[in-house]
$ cat entry_23.txt   # compact mmCIF, C-alpha atoms
# COMPACT_ATOMS: atom_id res chain seq x y z
CA MET A 1102 -22.61 -1.19 2.12
CA THR A 1103 -19.74 -2.26 -0.12
CA ALA A 1104 -19.65 1.20 -1.73
CA LEU A 1105 -19.48 2.85 1.69
CA ALA A 1106 -16.65 0.58 2.76
CA SER A 1107 -14.81 1.32 -0.49
CA VAL A 1108 -15.11 5.06 0.10
CA VAL A 1109 -13.87 4.65 3.66
CA SER A 1110 -10.87 2.56 2.57
CA LEU A 1111 -10.14 5.02 -0.24
CA GLY A 1112 -10.15 7.89 2.24
CA ALA A 1113 -7.89 5.96 4.58
CA ALA A 1114 -5.47 5.37 1.73
CA VAL A 1115 -5.44 9.07 0.86
CA VAL A 1116 -4.80 9.97 4.49
CA LEU A 1117 -1.98 7.43 4.68
CA ALA A 1118 -0.52 8.69 1.43
CA ALA A 1119 -0.38 12.23 2.81
CA ALA A 1120 1.55 11.09 5.88
CA PRO A 1121 3.53 13.89 7.52
CA VAL A 1122 7.29 14.31 7.21
CA LYS A 1123 9.17 13.97 10.46
CA ILE A 1124 11.97 16.39 11.18
CA ASP A 1125 14.41 16.19 14.05
CA VAL A 1126 14.78 19.70 15.45
CA GLN A 1127 17.56 20.65 17.84
CA VAL A 1128 18.30 24.00 19.42
CA VAL A 1129 22.02 24.37 20.02
CA HIS A 1130 23.81 27.16 21.84
CA ALA A 1131 27.19 27.80 20.25
CA SER A 1132 29.51 30.08 22.17
CA ASN A 1133 33.12 30.68 23.10
CA ALA A 1134 32.63 29.62 26.67
CA ALA A 1135 34.70 26.85 28.25
CA PRO A 1136 35.33 24.20 25.63
CA HIS A 1137 32.52 21.68 25.59
CA VAL A 1138 30.74 19.69 22.92
CA ASP A 1139 27.56 17.78 23.77
CA PRO A 1140 27.35 14.19 22.53
CA GLY A 1141 26.27 14.08 18.91
CA LEU A 1142 27.39 17.62 18.11
CA GLU A 1143 31.02 16.91 17.19
CA LYS A 1144 30.15 16.68 13.49
CA MET A 1145 28.45 20.06 13.73
CA ARG A 1146 31.50 21.54 15.41
CA GLN A 1147 33.80 20.23 12.70
CA GLY A 1148 31.50 21.51 9.94
CA PHE A 1149 31.31 24.94 11.53
CA GLU A 1150 35.07 25.11 12.01
CA LYS A 1151 35.72 24.21 8.36
CA ALA A 1152 33.20 26.84 7.31
CA GLY A 1153 35.09 29.45 9.31
CA LEU A 1154 32.63 29.65 12.23
CA ARG A 1155 34.69 28.94 15.29
CA PHE A 1156 32.99 28.28 18.59
CA THR A 1157 34.46 26.43 21.54
CA SER A 1158 31.20 25.35 23.17
CA TYR A 1159 28.26 23.53 21.61
CA ARG A 1160 25.43 22.79 24.03
CA ARG A 1161 22.11 21.24 23.06
CA LEU A 1162 19.29 23.16 24.68
CA SER A 1163 16.42 21.07 23.31
CA GLN A 1164 15.63 18.34 20.86
CA GLU A 1165 12.28 17.22 19.48
CA THR A 1166 10.73 15.50 16.52
CA VAL A 1167 8.27 17.64 14.62
CA SER A 1168 5.72 16.17 12.21
CA LEU A 1169 5.11 18.50 9.31
CA SER A 1170 2.16 18.38 6.96
CA PRO A 1171 2.11 20.49 3.80
CA GLY A 1172 1.10 24.08 4.46
CA LYS A 1173 0.58 23.59 8.21
CA PRO A 1174 3.06 25.64 10.25
CA ALA A 1175 4.64 24.09 13.33
CA GLU A 1176 6.30 26.12 16.03
CA VAL A 1177 9.50 25.35 17.86
CA ALA A 1178 10.34 27.20 21.05
CA LEU A 1179 13.76 28.79 21.43
CA PRO A 1180 14.98 30.92 24.32
CA GLY A 1181 13.16 34.23 23.92
CA LYS A 1182 11.67 33.50 20.49
CA THR A 1183 9.79 31.02 18.35
CA ALA A 1184 10.78 29.41 15.08
CA THR A 1185 8.13 28.45 12.55
CA LEU A 1186 8.55 25.46 10.25
CA THR A 1187 6.26 24.89 7.28
CA LEU A 1188 6.45 21.97 4.87
CA GLN A 1189 6.08 23.20 1.32
CA PRO A 1190 3.58 21.29 -0.86
CA GLY A 1191 4.69 19.70 -4.11
CA GLU A 1192 6.79 16.80 -5.24
CA HIS A 1193 10.50 17.21 -4.56
CA PRO A 1194 13.36 14.79 -4.13
CA ARG A 1195 13.82 16.34 -0.68
CA PRO A 1196 11.09 17.75 1.58
CA HIS A 1197 11.18 21.52 1.33
CA VAL A 1198 10.80 23.20 4.69
CA ALA A 1199 10.35 26.93 5.11
CA VAL A 1200 12.05 28.09 8.30
CA SER A 1201 11.25 31.43 9.84
CA VAL A 1202 13.28 32.49 12.84
CA PRO A 1203 13.30 36.27 12.69
CA PRO A 1204 15.04 38.05 11.28
CA LEU A 1205 16.10 35.08 9.11
CA HIS A 1206 13.79 33.35 6.67
CA THR A 1207 14.94 30.43 4.57
CA THR A 1208 13.63 27.42 2.68
CA VAL A 1209 15.71 24.28 2.74
CA GLY A 1210 15.44 20.94 0.98
CA LEU A 1211 16.26 18.38 3.63
CA GLY A 1212 17.95 15.30 2.23
CA THR A 1213 19.20 12.25 4.01
CA ASP A 1214 22.23 12.10 6.29
CA ALA A 1215 22.63 15.87 6.39
CA SER A 1216 21.40 18.79 8.43
CA ALA A 1217 20.53 22.41 7.95
CA PHE A 1218 22.02 24.75 10.56
CA VAL A 1219 20.03 27.94 10.74
CA GLN A 1220 21.30 30.86 12.77
CA ALA A 1221 18.60 31.74 15.26
CA GLY A 1222 19.99 34.85 16.91
CA ALA A 1223 22.25 35.89 19.74
CA HIS A 1224 21.93 34.30 23.14
CA GLU A 1225 24.10 34.52 26.27
CA ASN A 1226 27.37 35.54 24.66
CA GLY A 1227 26.87 33.11 21.83
CA GLN A 1228 24.55 32.15 19.03
CA LEU A 1229 21.48 29.97 18.90
CA VAL A 1230 21.47 27.48 16.06
CA LEU A 1231 18.40 25.60 14.82
CA VAL A 1232 19.50 22.19 13.56
CA LEU A 1233 17.03 20.49 11.19
CA THR A 1234 17.49 16.90 10.10
CA ALA A 1235 14.97 14.86 8.09
CA LYS A 1236 14.17 11.57 9.76
CA LYS A 1237 14.22 8.47 7.58
CA MET B 895 -40.48 -84.08 -19.25
CA SER B 896 -37.06 -82.75 -20.11
CA LEU B 897 -36.34 -80.74 -23.26
CA ASN B 898 -33.05 -79.82 -24.78
CA PRO B 899 -31.74 -76.36 -23.80
CA ALA B 900 -32.21 -74.90 -27.32
CA THR B 901 -35.90 -75.87 -27.32
CA LEU B 902 -36.39 -74.50 -23.79
CA GLN B 903 -34.78 -71.22 -24.83
CA LEU B 904 -37.00 -71.01 -27.87
CA LEU B 905 -40.07 -71.79 -25.77
CA SER B 906 -39.13 -69.13 -23.23
CA ALA B 907 -38.76 -66.58 -26.02
CA TYR B 908 -42.16 -67.63 -27.33
CA VAL B 909 -43.77 -67.12 -23.92
CA ASP B 910 -42.16 -63.70 -23.68
CA GLY B 911 -43.37 -62.79 -27.21
CA GLU B 912 -39.89 -62.30 -28.55
CA LEU B 913 -40.07 -64.58 -31.61
CA SER B 914 -40.59 -63.71 -35.24
CA ALA B 915 -43.74 -64.79 -36.97
CA ALA B 916 -42.05 -67.79 -38.63
CA GLU B 917 -40.45 -68.94 -35.38
CA ARG B 918 -43.74 -68.46 -33.53
CA THR B 919 -45.54 -70.65 -36.13
CA SER B 920 -42.87 -73.29 -35.81
CA VAL B 921 -43.13 -73.32 -31.99
CA GLU B 922 -46.94 -73.45 -32.05
CA ARG B 923 -46.74 -76.42 -34.38
CA ALA B 924 -44.37 -78.18 -32.02
CA LEU B 925 -46.60 -77.32 -29.04
CA ALA B 926 -49.63 -78.77 -30.73
CA ALA B 927 -47.76 -82.01 -31.37
CA ASP B 928 -46.03 -82.37 -27.98
CA PRO B 929 -48.02 -82.40 -24.69
CA ARG B 930 -44.75 -82.13 -22.67
CA MET B 931 -43.97 -78.83 -24.32
CA GLN B 932 -47.52 -77.63 -23.60
CA GLU B 933 -47.06 -78.45 -19.94
CA ILE B 934 -43.73 -76.63 -19.80
CA GLU B 935 -45.21 -73.66 -21.63
CA ARG B 936 -48.02 -73.44 -19.06
CA SER B 937 -45.51 -73.62 -16.25
CA MET B 938 -43.49 -70.78 -17.82
CA ARG B 939 -46.57 -68.58 -18.19
CA ALA B 940 -47.62 -69.29 -14.60
CA LEU B 941 -44.16 -68.36 -13.36
CA GLY B 942 -44.20 -65.13 -15.39
CA SER B 943 -47.63 -64.21 -13.99
CA ALA B 944 -46.44 -64.85 -10.47
CA VAL B 945 -43.38 -62.63 -10.95
CA ARG B 946 -45.48 -59.81 -12.44
CA ALA B 947 -48.00 -60.07 -9.59
CA LEU B 948 -45.20 -59.87 -7.04
CA SER B 949 -43.64 -56.83 -8.75
CA GLU B 950 -46.97 -55.02 -8.92
CA ALA B 951 -47.55 -55.70 -5.23
CA GLU B 952 -44.15 -54.28 -4.37
CA CYS B 953 -44.80 -51.23 -6.53
CA ALA B 954 -48.14 -50.65 -4.82
CA ARG B 955 -46.43 -50.62 -1.44
CA ALA B 956 -43.65 -48.22 -2.56
CA ASP B 957 -44.10 -44.46 -1.88
CA PHE B 958 -43.34 -42.42 -4.98
CA SER B 959 -44.80 -39.18 -3.67
CA GLY B 960 -42.25 -36.34 -3.92
CA LEU B 961 -39.91 -38.47 -6.02
CA ALA B 962 -39.87 -35.90 -8.80
CA ASP B 963 -38.98 -33.13 -6.35
CA ARG B 964 -36.23 -35.20 -4.82
CA VAL B 965 -34.78 -36.04 -8.23
CA LEU B 966 -34.98 -32.42 -9.38
CA GLY B 967 -33.48 -31.31 -6.10
CA ARG B 968 -30.45 -33.49 -6.76
CA VAL B 969 -30.22 -32.36 -10.35
CA SER B 970 -30.36 -28.62 -9.50
CA ARG B 971 -28.11 -28.87 -6.45
CA ARG B 972 -25.08 -27.46 -8.40
CA PRO B 973 -25.81 -23.74 -8.87
CA GLY B 974 -25.09 -21.78 -12.02
CA LEU B 975 -21.95 -19.69 -12.58
CA LEU B 976 -23.70 -16.44 -11.67
CA ASP B 977 -25.10 -17.97 -8.49
CA ARG B 978 -21.68 -19.34 -7.60
CA LEU B 979 -20.07 -15.91 -8.14
CA ARG B 980 -22.76 -14.31 -6.05
CA GLU B 981 -22.22 -16.90 -3.36
CA THR B 982 -18.45 -16.36 -3.44
CA TRP B 983 -18.92 -12.60 -3.05
CA ARG B 984 -20.92 -13.30 0.09
CA GLN B 985 -17.84 -14.93 1.62
CA PRO B 986 -16.31 -12.47 4.09
CA TRP B 987 -12.76 -12.64 2.77
CA LEU B 988 -13.52 -11.54 -0.76
CA PRO B 989 -14.98 -8.08 0.01
CA ILE B 990 -12.18 -7.49 2.50
CA GLY B 991 -9.58 -8.56 -0.03
CA GLY B 992 -11.25 -6.35 -2.62
CA LEU B 993 -11.19 -3.37 -0.31
CA VAL B 994 -7.54 -3.97 0.48
CA ALA B 995 -6.83 -4.05 -3.26
CA VAL B 996 -8.81 -0.80 -3.74
CA ALA B 997 -6.91 0.83 -0.88
CA ALA B 998 -3.57 -0.31 -2.29
CA ALA B 999 -4.47 1.03 -5.72
CA ALA B 1000 -5.61 4.32 -4.19
CA PHE B 1001 -2.35 4.56 -2.26
CA PHE B 1002 -0.39 4.39 -5.49
CA VAL B 1003 -2.75 6.80 -7.24
CA PHE B 1004 -2.52 9.30 -4.38
CA ARG B 1005 1.18 8.78 -3.78
CA PRO B 1006 2.62 11.01 -1.08
CA VAL B 1007 2.30 14.65 -2.00
CA THR B 1008 4.70 15.19 0.86
CA PRO B 1009 8.17 14.19 -0.35
CA VAL B 1010 10.07 11.52 1.49
CA PRO B 1011 13.72 12.33 2.12
CA GLY B 1012 15.49 10.38 -0.59
CA ALA B 1013 18.22 12.54 -2.05
CA PRO B 1014 21.30 13.11 0.06
CA GLY B 1015 22.43 16.46 1.39
CA VAL B 1016 20.70 19.70 2.13
CA VAL B 1017 19.87 22.24 -0.55
CA VAL B 1018 18.97 25.81 0.31
CA GLN B 1019 16.16 27.13 -1.85
CA SER B 1020 16.07 30.65 -0.53
CA ALA B 1021 17.35 32.82 2.29
CA SER B 1022 16.41 36.33 3.29
CA ALA B 1023 16.50 38.51 6.36
CA ASP B 1024 14.35 41.26 7.89
CA ALA B 1025 17.48 43.08 8.85
CA PRO B 1026 19.50 46.13 7.98
CA ALA B 1027 20.97 46.07 4.50
CA GLN B 1028 24.46 45.36 5.77
CA LEU B 1029 23.25 42.09 7.34
CA GLN B 1030 22.67 39.42 4.72
CA PRO B 1031 22.23 35.66 4.84
CA VAL B 1032 24.92 33.46 3.33
CA VAL B 1033 24.87 29.72 2.80
CA LEU B 1034 27.92 27.73 3.83
CA LYS B 1035 28.14 24.14 2.70
CA THR B 1036 30.11 21.46 4.49
CA GLU B 1037 31.88 18.36 3.18
CA SER B 1038 29.17 16.09 4.57
CA GLY B 1039 26.38 17.87 2.67
CA ASP B 1040 25.16 20.02 5.55
CA ALA B 1041 24.20 23.63 4.98
CA ILE B 1042 24.77 26.51 7.37
CA ILE B 1043 22.55 29.55 6.87
CA TRP B 1044 24.19 32.46 8.63
CA LEU B 1045 23.72 36.19 8.73
CA VAL B 1046 26.88 38.02 7.74
CA GLU B 1047 27.63 41.66 8.26
CA HIS B 1048 28.93 43.59 5.31
CA PRO B 1049 29.23 40.77 2.81
CA ASP B 1050 31.28 41.50 -0.28
CA ALA B 1051 29.63 43.80 -2.74
CA SER B 1052 29.91 41.03 -5.31
CA GLY B 1053 27.87 38.71 -3.10
CA VAL B 1054 30.70 36.18 -3.12
CA HIS B 1055 32.14 35.70 0.31
CA ARG B 1056 35.24 33.77 -0.54
CA PRO B 1057 37.95 34.82 -2.99
CA THR B 1058 37.52 31.55 -4.87
CA PRO B 1059 33.93 30.34 -4.57
CA LEU B 1060 33.39 26.59 -4.94
CA SER B 1061 30.68 24.84 -6.88
CA PRO B 1062 27.51 24.06 -4.90
CA ASP B 1063 28.33 20.37 -4.61
CA LYS B 1064 31.57 21.15 -2.80
CA PRO B 1065 32.08 22.74 0.58
CA GLY B 1066 32.36 26.46 0.61
CA VAL B 1067 30.14 29.46 0.28
CA GLN B 1068 26.92 29.48 -1.65
CA ALA B 1069 25.67 32.96 -2.30
CA PRO B 1070 21.96 33.57 -1.75
CA VAL B 1071 19.99 33.79 -4.96
CA PRO B 1072 17.50 36.62 -5.35
CA ALA B 1073 13.93 35.34 -5.47
CA GLN B 1074 13.27 36.66 -9.00
CA GLN B 1075 16.28 34.75 -10.38
CA ARG B 1076 15.46 31.54 -8.58
CA PRO B 1077 14.30 28.63 -10.75
CA ARG B 1078 10.88 27.37 -9.71
CA ALA B 1079 11.42 23.63 -9.89
CA GLY B 1080 15.18 23.54 -9.59
CA GLU B 1081 17.41 23.71 -6.64
CA LEU B 1082 20.35 25.85 -5.79

$ encode --input "entry_23.txt" --output "structure tokens"
Amino acid sequence: MTALASVVSLGAAVVLAAAPVKIDVQVVHASNAAPHVDPGLEKMRQGFEKAGLRFTSYRRLSQETVSLSPGKPAEVALPGKTATLTLQPGEHPRPHVAVSVPPLHTTVGLGTDASAFVQAGAHENGQLVLVLTAKK
Amino acid sequence: MSLNPATLQLLSAYVDGELSAAERTSVERALAADPRMQEIERSMRALGSAVRALSEAECARADFSGLADRVLGRVSRRPGLLDRLRETWRQPWLPIGGLVAVAAAAFFVFRPVTPVPGAPGVVVQSASADAPAQLQPVVLKTESGDAIIWLVEHPDASGVHRPTPLSPDKPGVQAPVPAQQRPRAGEL
């Protein structure tokens, strides 16, 4: 009885230890339409402008929190396409997430207080941007 | 009829058989010579017999059955160390506490294989595109540690998209690294 309980608690500990990483995923439409920046996207606008990517409108189309477990792909819906996020196994100072939003494929290490902006293709006279931020 | 206390004490010891041979001879000599002492000696013996008879009667009425078991029961009431440990283990809190300790130890042994965001900033490990050759991904880094992965048409032949490229920890352009040149454990 005690041995069984020990095995159960050991298994629970292993499951807890392999807890998923939570990523905040936003889909933003950046365009040169009438100037507008959705709340929370001003920092993105400034970063884009300093990087030489000038858009006048930043609109958030969706936002969700995705739980990623190593090796298990998660899909995020974008207008007309799907992005796939996969947490890479292994020990890293930052969670490594492979992002596939055709035709672009990238792997990013998501640290704290920063985001990865992945171009996700053209959409309605602008560009779709996948914004990935690791949740603390 | 009265005797001095020392003689009475000696006579009492004689009746109880507590005298040495010399003292006994001395007392017997005195008894033979003194009828008062003989009378007192008889009284002492009668009193002793009466006390013994009373004690025996009380003992006969007393119930000693099971006395040994009761005594042994009291003696063996405190269990041995092994029994006490066994008894302690039967307490509900100890197995639970033990399991919690095992779970905590297991948690540290099987520490998260999934990394927890700890380091600041975003680092791009790789970037590629299923696109025509003239369309290539570039990595733009911002002051706040963000990374922008963008497809650029006709990037410079050198792969550097700014005349003066900055180091990766500063804002600017970070050129994509071919997969074969990418360090396995390192970061861009």

$ atom_distance --input "entry_23.txt" --atom1 "atom CA of Ala1199 of chain A" --atom2 "atom CA of Gly1172 of chain A"
9.7 Å

$ closest_atom_pairs --input "entry_23.txt" --of "segment 1142-1173 of chain A" --to "segment 1211-1235 of chain A" --cutoff "10 Å" --atoms "all atoms listed in the file" --output "CSV"
residue,atom,partner,partner_atom,distance
A:Met1145,CA,A:Phe1218,CA,8.6
A:Phe1149,CA,A:Phe1218,CA,9.3
A:Phe1156,CA,A:Gly1227,CA,8.4
A:Ser1158,CA,A:Gly1227,CA,9.0
A:Tyr1159,CA,A:Val1230,CA,9.6
A:Arg1160,CA,A:Leu1229,CA,9.7
A:Arg1161,CA,A:Val1230,CA,9.4
A:Leu1162,CA,A:Leu1229,CA,9.2
A:Ser1163,CA,A:Leu1231,CA,9.8
A:Gln1164,CA,A:Val1232,CA,9.1
A:Thr1166,CA,A:Thr1234,CA,9.4
A:Val1167,CA,A:Ala1235,CA,9.8

$ closest_residue --input "entry_23.txt" --among "B:Val996, B:Met931, B:Val909, B:Leu975" --to "Leu897 of chain B" --atoms "all atoms listed in the file"
B:Met931

$ closest_residue --input "entry_23.txt" --among "A:Gly1148, A:Pro1140, A:Pro1180, A:Pro1121" --to "Pro1196 of chain A" --atoms "only C-alpha atoms"
A:Pro1121

$ atom_distance --input "entry_23.txt" --atom1 "atom CA of Gly1153 of chain A" --atom2 "atom CA of Pro1031 of chain B"
15.0 Å
